[in-house]
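Let me begin by presenting the structure, written as structure tokens, before commenting on it.
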Amino acid sequence: MSKQEDFFNHITEGNNPKGDFIPIGAAMLDGETVTGAHVKIPLKTMNRHGLIAGATGTGKTKSLQVLAENLSDKGIPVLLMDIKGDLSGLAKPSPGHAKIDERHEKIGLPFEAKSFPVEILTLSEQDGVRLRATVSEFGPVLLSRILNLSDTQTGVIAVIFQYCDDNKLPILDLKDFKKILQYATQDGKAEFTKAYGRISTASTGAILRKVVELEQQGADLFFGETSFDVDDLLRVDDDGRGYINIIRLTDIQDRPKLFSTFMLSLLAEIYATFPEQGDNDRPELIIFIDEAHLIFNEASKALLSQIESIVKLIRSKGVGLYFVTQNPTDVPEAVLGQLGLKIQHALRAFTAKDRKAIKLTAQNYPDSQYYDTAEVLTSLGIGEALVSALDEKGRPTPLAATMMRAPMSRMDVLSEGELNQLLAQSKLVKKYNETIDRDSAYELLNKKIELADAEEAKEKAKQEREALKKAESKQKAASTRRKSTVMNPIVKVLTSATFIRSVFGILNKVMKK
């Protein structure tokens with residue numbers, strides 16, 4: 001038996017799932033595609049997470065597109081982060097090309113051009129379904145980790161949330177949150193001190209500065225109502241195909257804190273609300289996080305710990321996370337160790353640091369008698385990748401340098417007219433794009449302060465009236481006393497000693513006569 005026949009059997013026997021799967025291409029040996037040696041990803045293990053990595057221009061986005069299309073065809077919804085702005089073409093069929101036909105002939109898979117059900121979402125002022133969440137939904141622990149607060153400041157946040165719960169004050173947006181922080185050390189200081197203990201202005205001041213920093217990255221657009229319901233990510237169209245939800249992030253590349261805030265809140269909400277799935281034959285939702293380093297580079301230790309915990313636990317909810325980045329070293333080892341599927345496109349060895357990274361990357365893959373992994377990593381062409389998945393029993397499939405299949409949809413962006421047409425047909429745009437600013441902590445606290453000020457002014461006016469009345473009463477009494485001590489002139493004459501002696505003298509004379 002020839003080496004190629006051995007290799008063909010090695011690949012086909014190791015890629016023979018009993019359940020449903022996605023064929024992503026054919027294995028290559030010595031730089032040549034072995035037709036029919038298909039590399040298959042079992043749906044059963046797609047909730048075990050994954051990584052798509054490789055240097056710029058090697059085909060990472062197209063691999064992501066292929067996975068998203070095939071998942072949609074299988075009725076599995078997908079969420080994509082479109083940071084470069086080149087994924088909206090999923091809504092239109094591929095125009096086809098002779099090179100695509102040639103590639104698929106080598107792979108041994110038929111090519112079919114088709115479009116897919118797409119929903120365009122946005123975190124910013126770009127057109128699309130607005131994604132929002134309330135501050136209350138974050139809760140004190142998650143919010144504290146996002147703001148990278150100290151233990152003391154985290155305690156203050158906990159007290160703030162408790163006060164709002166006790167007094168039925170919804171914290172919907174950052175305006176609400178800033179207002180309650182200020183209230184705690186100003187107008188409501190006495191109330192807070194009595195119920196929860198003293199809160200220092202130094203702590204609230206430090207927290208406010210962190211909130212302002214978040215606002216400067218556009219978080220004021222994200223926090224508020226209507227809050228996005230994660231169940232809307234699970235929709236399928238009339239043909240049973242899962243929706244591909246694309247979040248447009250082209251204008252927030254320089255705002256990684258907003259991106260990581262959104263991602264963490266989304267994952268936390270999914271974990272909190274999705275039911276346990278157990279050992280299902282297919283995932284409920286697959287999330288692709290493009291430019292994953294934007295999350296990890298800006299994350300504090302506490303935030304990284306939160307992300308690592310969610311990655312470990314969320315697969316039990318039937319959710320798979322796929323990180324897309326240039327180098328696997330962009331992903332923390334604790335997260336990297338949780339990733340079952342690895343699609344590694346070419347890496348470039350321009351520097352000593354690059355060569356070291358390639359050596360480390362090669363060690364993350366199973367050994368193979370057919371490949372020198374480190375060498376293959378630098379020799380892969382565009383649209384080729386080293387692939388290692390998990391079979392249905394959780395074991396690594398044979399390592400395969402793979403000629404990846406081409407996307408069935410357009411490998412380009414939608415025109416403005418096509419995008420507007422897509423948004424006009426969206427049911428979610430109508431549901432989420434109306435801004436609601438109902439009475440919440442900001443308005444309710446302002447009313448409370450106004451009532452307190454009015455009550456204080458009323459009490460002060462009452463005290464002033466009582467003081468004035470008292471002063472008038474004293475003045476009247478004093479005036480009466482003065483009048484009583486001033487004798488009438490006639491009485492004064494009649495009671496004088498001279499007058500009395502004169503009267504007695506007259507009376508004596510009369511009596512002698």
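By order of appearance in the structure tokens: chains A, B, ..., then residues from 1 within every chain, and ligands from 1 in the order shown.
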
Would you list the contacts of segment 65-70 of chain A as JSON, numbers by chain, taking every protein, DNA or RNA residue within 9 Å and counting only C-alpha atoms, but skipping same-chain residues closer than 4 positions in sequence?
-> {"A": [22, 23, 24, 60, 61, 74, 75, 76, 77, 78, 79, 80, 87, 90, 115, 116, 244, 286, 288, 404, 405, 406, 407, 408, 409, 411]}

Export of the given selection (N, CA, C and O atoms) as a short mmCIF file (atom, residue, chain, number, x, y, z; two decimals), in the first residue's frame:
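The resulting file, result-v7.cif, is reproduced below:
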data_model
loop_
_atom_site.label_atom_id
_atom_site.label_comp_id
_atom_site.auth_asym_id
_atom_site.auth_seq_id
_atom_site.Cartn_x
_atom_site.Cartn_y
_atom_site.Cartn_z
N ILE A 22 -20.11 18.57 9.55
CA ILE A 22 -19.83 19.59 8.54
C ILE A 22 -18.52 19.21 7.83
O ILE A 22 -17.48 19.11 8.47
N PRO A 23 -18.56 18.96 6.51
CA PRO A 23 -17.32 18.72 5.78
C PRO A 23 -16.68 20.07 5.42
O PRO A 23 -17.31 20.91 4.79
N ILE A 24 -15.45 20.30 5.85
CA ILE A 24 -14.86 21.62 5.61
C ILE A 24 -13.74 21.60 4.57
O ILE A 24 -13.17 22.66 4.25
N LYS A 60 -8.62 33.26 7.26
CA LYS A 60 -9.38 33.03 8.51
C LYS A 60 -10.85 33.37 8.34
O LYS A 60 -11.73 32.61 8.74
N THR A 61 -11.12 34.53 7.73
CA THR A 61 -12.52 34.98 7.60
C THR A 61 -13.32 34.03 6.72
O THR A 61 -14.49 33.77 6.98
N LYS A 74 -27.71 23.59 8.70
CA LYS A 74 -28.11 22.52 9.62
C LYS A 74 -29.16 22.98 10.63
O LYS A 74 -29.54 22.23 11.53
N GLY A 75 -29.60 24.23 10.50
CA GLY A 75 -30.62 24.75 11.41
C GLY A 75 -30.07 25.28 12.71
O GLY A 75 -30.82 25.45 13.68
N ILE A 76 -28.75 25.56 12.75
CA ILE A 76 -28.11 26.05 13.98
C ILE A 76 -27.81 27.53 13.84
O ILE A 76 -27.06 27.93 12.95
N PRO A 77 -28.39 28.40 14.68
CA PRO A 77 -28.14 29.84 14.60
C PRO A 77 -26.69 30.17 14.95
O PRO A 77 -26.02 29.44 15.68
N VAL A 78 -26.23 31.29 14.41
CA VAL A 78 -24.84 31.71 14.56
C VAL A 78 -24.81 33.20 14.92
O VAL A 78 -25.65 33.97 14.45
N LEU A 79 -23.83 33.58 15.75
CA LEU A 79 -23.58 34.99 16.04
C LEU A 79 -22.14 35.29 15.64
O LEU A 79 -21.21 34.62 16.08
N LEU A 80 -21.96 36.31 14.78
CA LEU A 80 -20.64 36.68 14.28
C LEU A 80 -20.28 38.10 14.70
O LEU A 80 -21.14 38.99 14.70
N LEU A 87 -18.35 40.52 6.35
CA LEU A 87 -19.16 39.31 6.50
C LEU A 87 -20.61 39.48 6.06
O LEU A 87 -21.35 38.50 5.99
N LEU A 90 -22.76 37.29 3.44
CA LEU A 90 -23.46 36.03 3.71
C LEU A 90 -24.93 36.09 3.28
O LEU A 90 -25.56 35.05 3.05
N SER A 115 -27.54 32.02 -0.71
CA SER A 115 -27.57 33.05 0.33
C SER A 115 -28.11 32.44 1.61
O SER A 115 -28.64 31.32 1.61
N PHE A 116 -27.99 33.21 2.70
CA PHE A 116 -28.40 32.70 4.02
C PHE A 116 -29.19 33.78 4.77
O PHE A 116 -29.03 34.98 4.50
N ILE A 244 -28.07 33.83 10.77
CA ILE A 244 -26.69 34.26 11.02
C ILE A 244 -26.76 35.71 11.46
O ILE A 244 -27.09 36.61 10.69
N ILE A 286 -23.81 28.93 18.05
CA ILE A 286 -22.36 29.05 17.90
C ILE A 286 -22.02 30.53 17.78
O ILE A 286 -22.62 31.26 16.98
N PHE A 288 -18.95 33.28 17.08
CA PHE A 288 -17.60 33.53 16.57
C PHE A 288 -17.15 34.91 17.02
O PHE A 288 -17.81 35.91 16.71
N MET A 404 -9.30 24.02 2.31
CA MET A 404 -10.62 24.41 2.81
C MET A 404 -11.58 24.67 1.65
O MET A 404 -11.19 25.24 0.62
N ARG A 405 -12.83 24.26 1.81
CA ARG A 405 -13.84 24.53 0.81
C ARG A 405 -14.15 26.02 0.74
O ARG A 405 -13.91 26.76 1.71
N ALA A 406 -14.70 26.47 -0.36
CA ALA A 406 -14.99 27.89 -0.55
C ALA A 406 -16.37 28.23 0.00
O ALA A 406 -17.27 27.37 0.04
N PRO A 407 -16.58 29.47 0.45
CA PRO A 407 -17.91 29.88 0.92
C PRO A 407 -18.95 29.82 -0.20
O PRO A 407 -18.64 30.08 -1.37
N MET A 408 -20.18 29.47 0.17
CA MET A 408 -21.27 29.41 -0.79
C MET A 408 -21.89 30.79 -1.04
O MET A 408 -22.57 31.02 -2.02
N SER A 409 -21.64 31.71 -0.10
CA SER A 409 -22.18 33.06 -0.20
C SER A 409 -21.11 34.01 -0.74
O SER A 409 -19.96 33.62 -0.95
N MET A 411 -18.24 36.60 -1.04
CA MET A 411 -17.08 36.93 -0.22
C MET A 411 -16.79 38.43 -0.34
O MET A 411 -15.71 38.86 -0.75
#

Mind the document's chain letters and residue numbers, and return as an MDAnalysis selection string the residues of segment 107-324 of chain A that DSSP labels helix (DSSP H, G or I).
-> chainID A and resid 107 135:147 151:166 174:185 189:196 201:216 219:222 230:234 256:273 293:297 301:317

re atom CA of Tyr365 of chain A and atom CA of Leu341 of chain A: distance 10.4 Å

Hey, what's within 7 Å of segment 177-186 of chain A if we count only C-alpha atoms and toss same-chain stuff fewer than 2 positions away? As a PyMOL selection string, please?
-> chain A and resi 171+173-175+188-189+192+199-201+204+208+441-442

C-alpha atoms of the current selection, written as an mmCIF file, in the first residue's frame:
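Output file again-v6.cif follows:
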data_model
loop_
_atom_site.group_PDB
_atom_site.id
_atom_site.type_symbol
_atom_site.label_atom_id
_atom_site.label_comp_id
_atom_site.auth_asym_id
_atom_site.auth_seq_id
_atom_site.Cartn_x
_atom_site.Cartn_y
_atom_site.Cartn_z
ATOM 1 C CA ILE A 171 -30.711 51.380 37.177
ATOM 2 C CA ASP A 173 -28.369 53.419 31.976
ATOM 3 C CA LEU A 174 -25.133 55.083 33.055
ATOM 4 C CA LYS A 175 -27.001 58.314 33.790
ATOM 5 C CA GLY A 188 -28.838 60.867 50.520
ATOM 6 C CA LYS A 189 -25.769 60.687 52.739
ATOM 7 C CA PHE A 192 -27.287 55.711 53.365
ATOM 8 C CA ILE A 199 -19.805 55.612 51.987
ATOM 9 C CA SER A 200 -16.706 57.701 51.307
ATOM 10 C CA THR A 201 -16.648 60.321 48.579
ATOM 11 C CA THR A 204 -17.614 57.066 44.688
ATOM 12 C CA LEU A 208 -17.361 57.752 38.666
ATOM 13 C CA ALA A 441 -33.160 55.981 39.193
ATOM 14 C CA TYR A 442 -32.143 59.319 37.649
#

Residue among A:Ile146, A:Ile382, A:Val429, A:Ala461 lying closest to Leu304 of chain A, counting only C-alpha atoms |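 Ranking A:Ile146, A:Ile382, A:Val429, A:Ala461 by distance to Leu304 of chain A, first place goes to A:Ile146.
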
Closest to Asp86 of chain A among A:Val211, A:Ala158, A:Val413, A:Ala357, using only C-alpha atoms?
-> A:Val413

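One distance worth recording is that between atom CA of Leu347 of chain A and atom CA of Arg48 of chain A, which is 24.3 Å.
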
When DSSP works through the backbone of this structure, what residues of segment 158-402 of chain A end up as strand (DSSP E or B), shown as a VMD selection string?
-> chain A and resid 223 225 236 242 244 to 248 285 to 290 319 to 325 341 to 344 384 to 388 390 396 400 to 402

Take the residues that were just selected and, keeping C-alpha atoms, output them as a tab-separated table (two decimals), in the first residue's frame.
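Dumped everything to again.tsv:
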chain	number	residue	atom	x	y	z
A	223	PHE	CA	-26.62	50.73	28.40
A	225	GLU	CA	-33.66	50.03	27.02
A	236	VAL	CA	-34.68	29.95	12.29
A	242	GLY	CA	-30.59	29.11	11.46
A	244	ILE	CA	-26.69	34.26	11.02
A	245	ASN	CA	-26.62	37.27	13.34
A	246	ILE	CA	-23.84	39.67	12.35
A	247	ILE	CA	-22.77	42.40	14.78
A	248	ARG	CA	-21.25	45.35	12.92
A	285	LEU	CA	-25.88	28.43	19.21
A	286	ILE	CA	-22.36	29.05	17.90
A	287	ILE	CA	-20.62	32.37	18.58
A	288	PHE	CA	-17.60	33.53	16.57
A	289	ILE	CA	-15.53	36.24	18.27
A	290	ASP	CA	-13.33	37.92	15.65
A	319	VAL	CA	-23.25	27.07	23.16
A	320	GLY	CA	-19.91	26.91	21.35
A	321	LEU	CA	-17.43	29.80	21.37
A	322	TYR	CA	-14.96	30.21	18.51
A	323	PHE	CA	-12.13	32.70	18.88
A	324	VAL	CA	-10.68	34.20	15.70
A	325	THR	CA	-7.27	35.85	15.98
A	341	LEU	CA	-11.56	22.51	17.26
A	342	LYS	CA	-8.46	24.26	15.93
A	343	ILE	CA	-8.22	25.63	12.40
A	344	GLN	CA	-4.73	27.03	12.04
A	384	GLU	CA	-5.29	26.04	3.55
A	385	ALA	CA	-5.14	25.22	7.26
A	386	LEU	CA	-4.04	22.65	9.79
A	387	VAL	CA	-7.22	21.18	11.30
A	388	SER	CA	-7.67	19.20	14.48
A	390	LEU	CA	-12.78	16.24	18.40
A	396	PRO	CA	-8.72	14.43	18.73
A	400	ALA	CA	-4.76	17.28	8.64
A	401	ALA	CA	-3.31	20.01	6.48
A	402	THR	CA	-6.59	20.86	4.76

Separation of atom CA of Glu213 of chain A and atom CA of Phe259 of chain A, in Å?
-> 13.7 Å

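Nearest to Thr12 of chain A of all the residues A:Asn327, A:Pro398, A:Asp220, A:Glu291 is A:Pro398, counting only C-alpha atoms.
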
Name all residues at most 7 Å from Ser227 of chain A (count only C-alpha atoms; drop same-chain ones fewer than 6 positions away) and give them as a PyMOL selection string.
-> chain A and resi 132-134
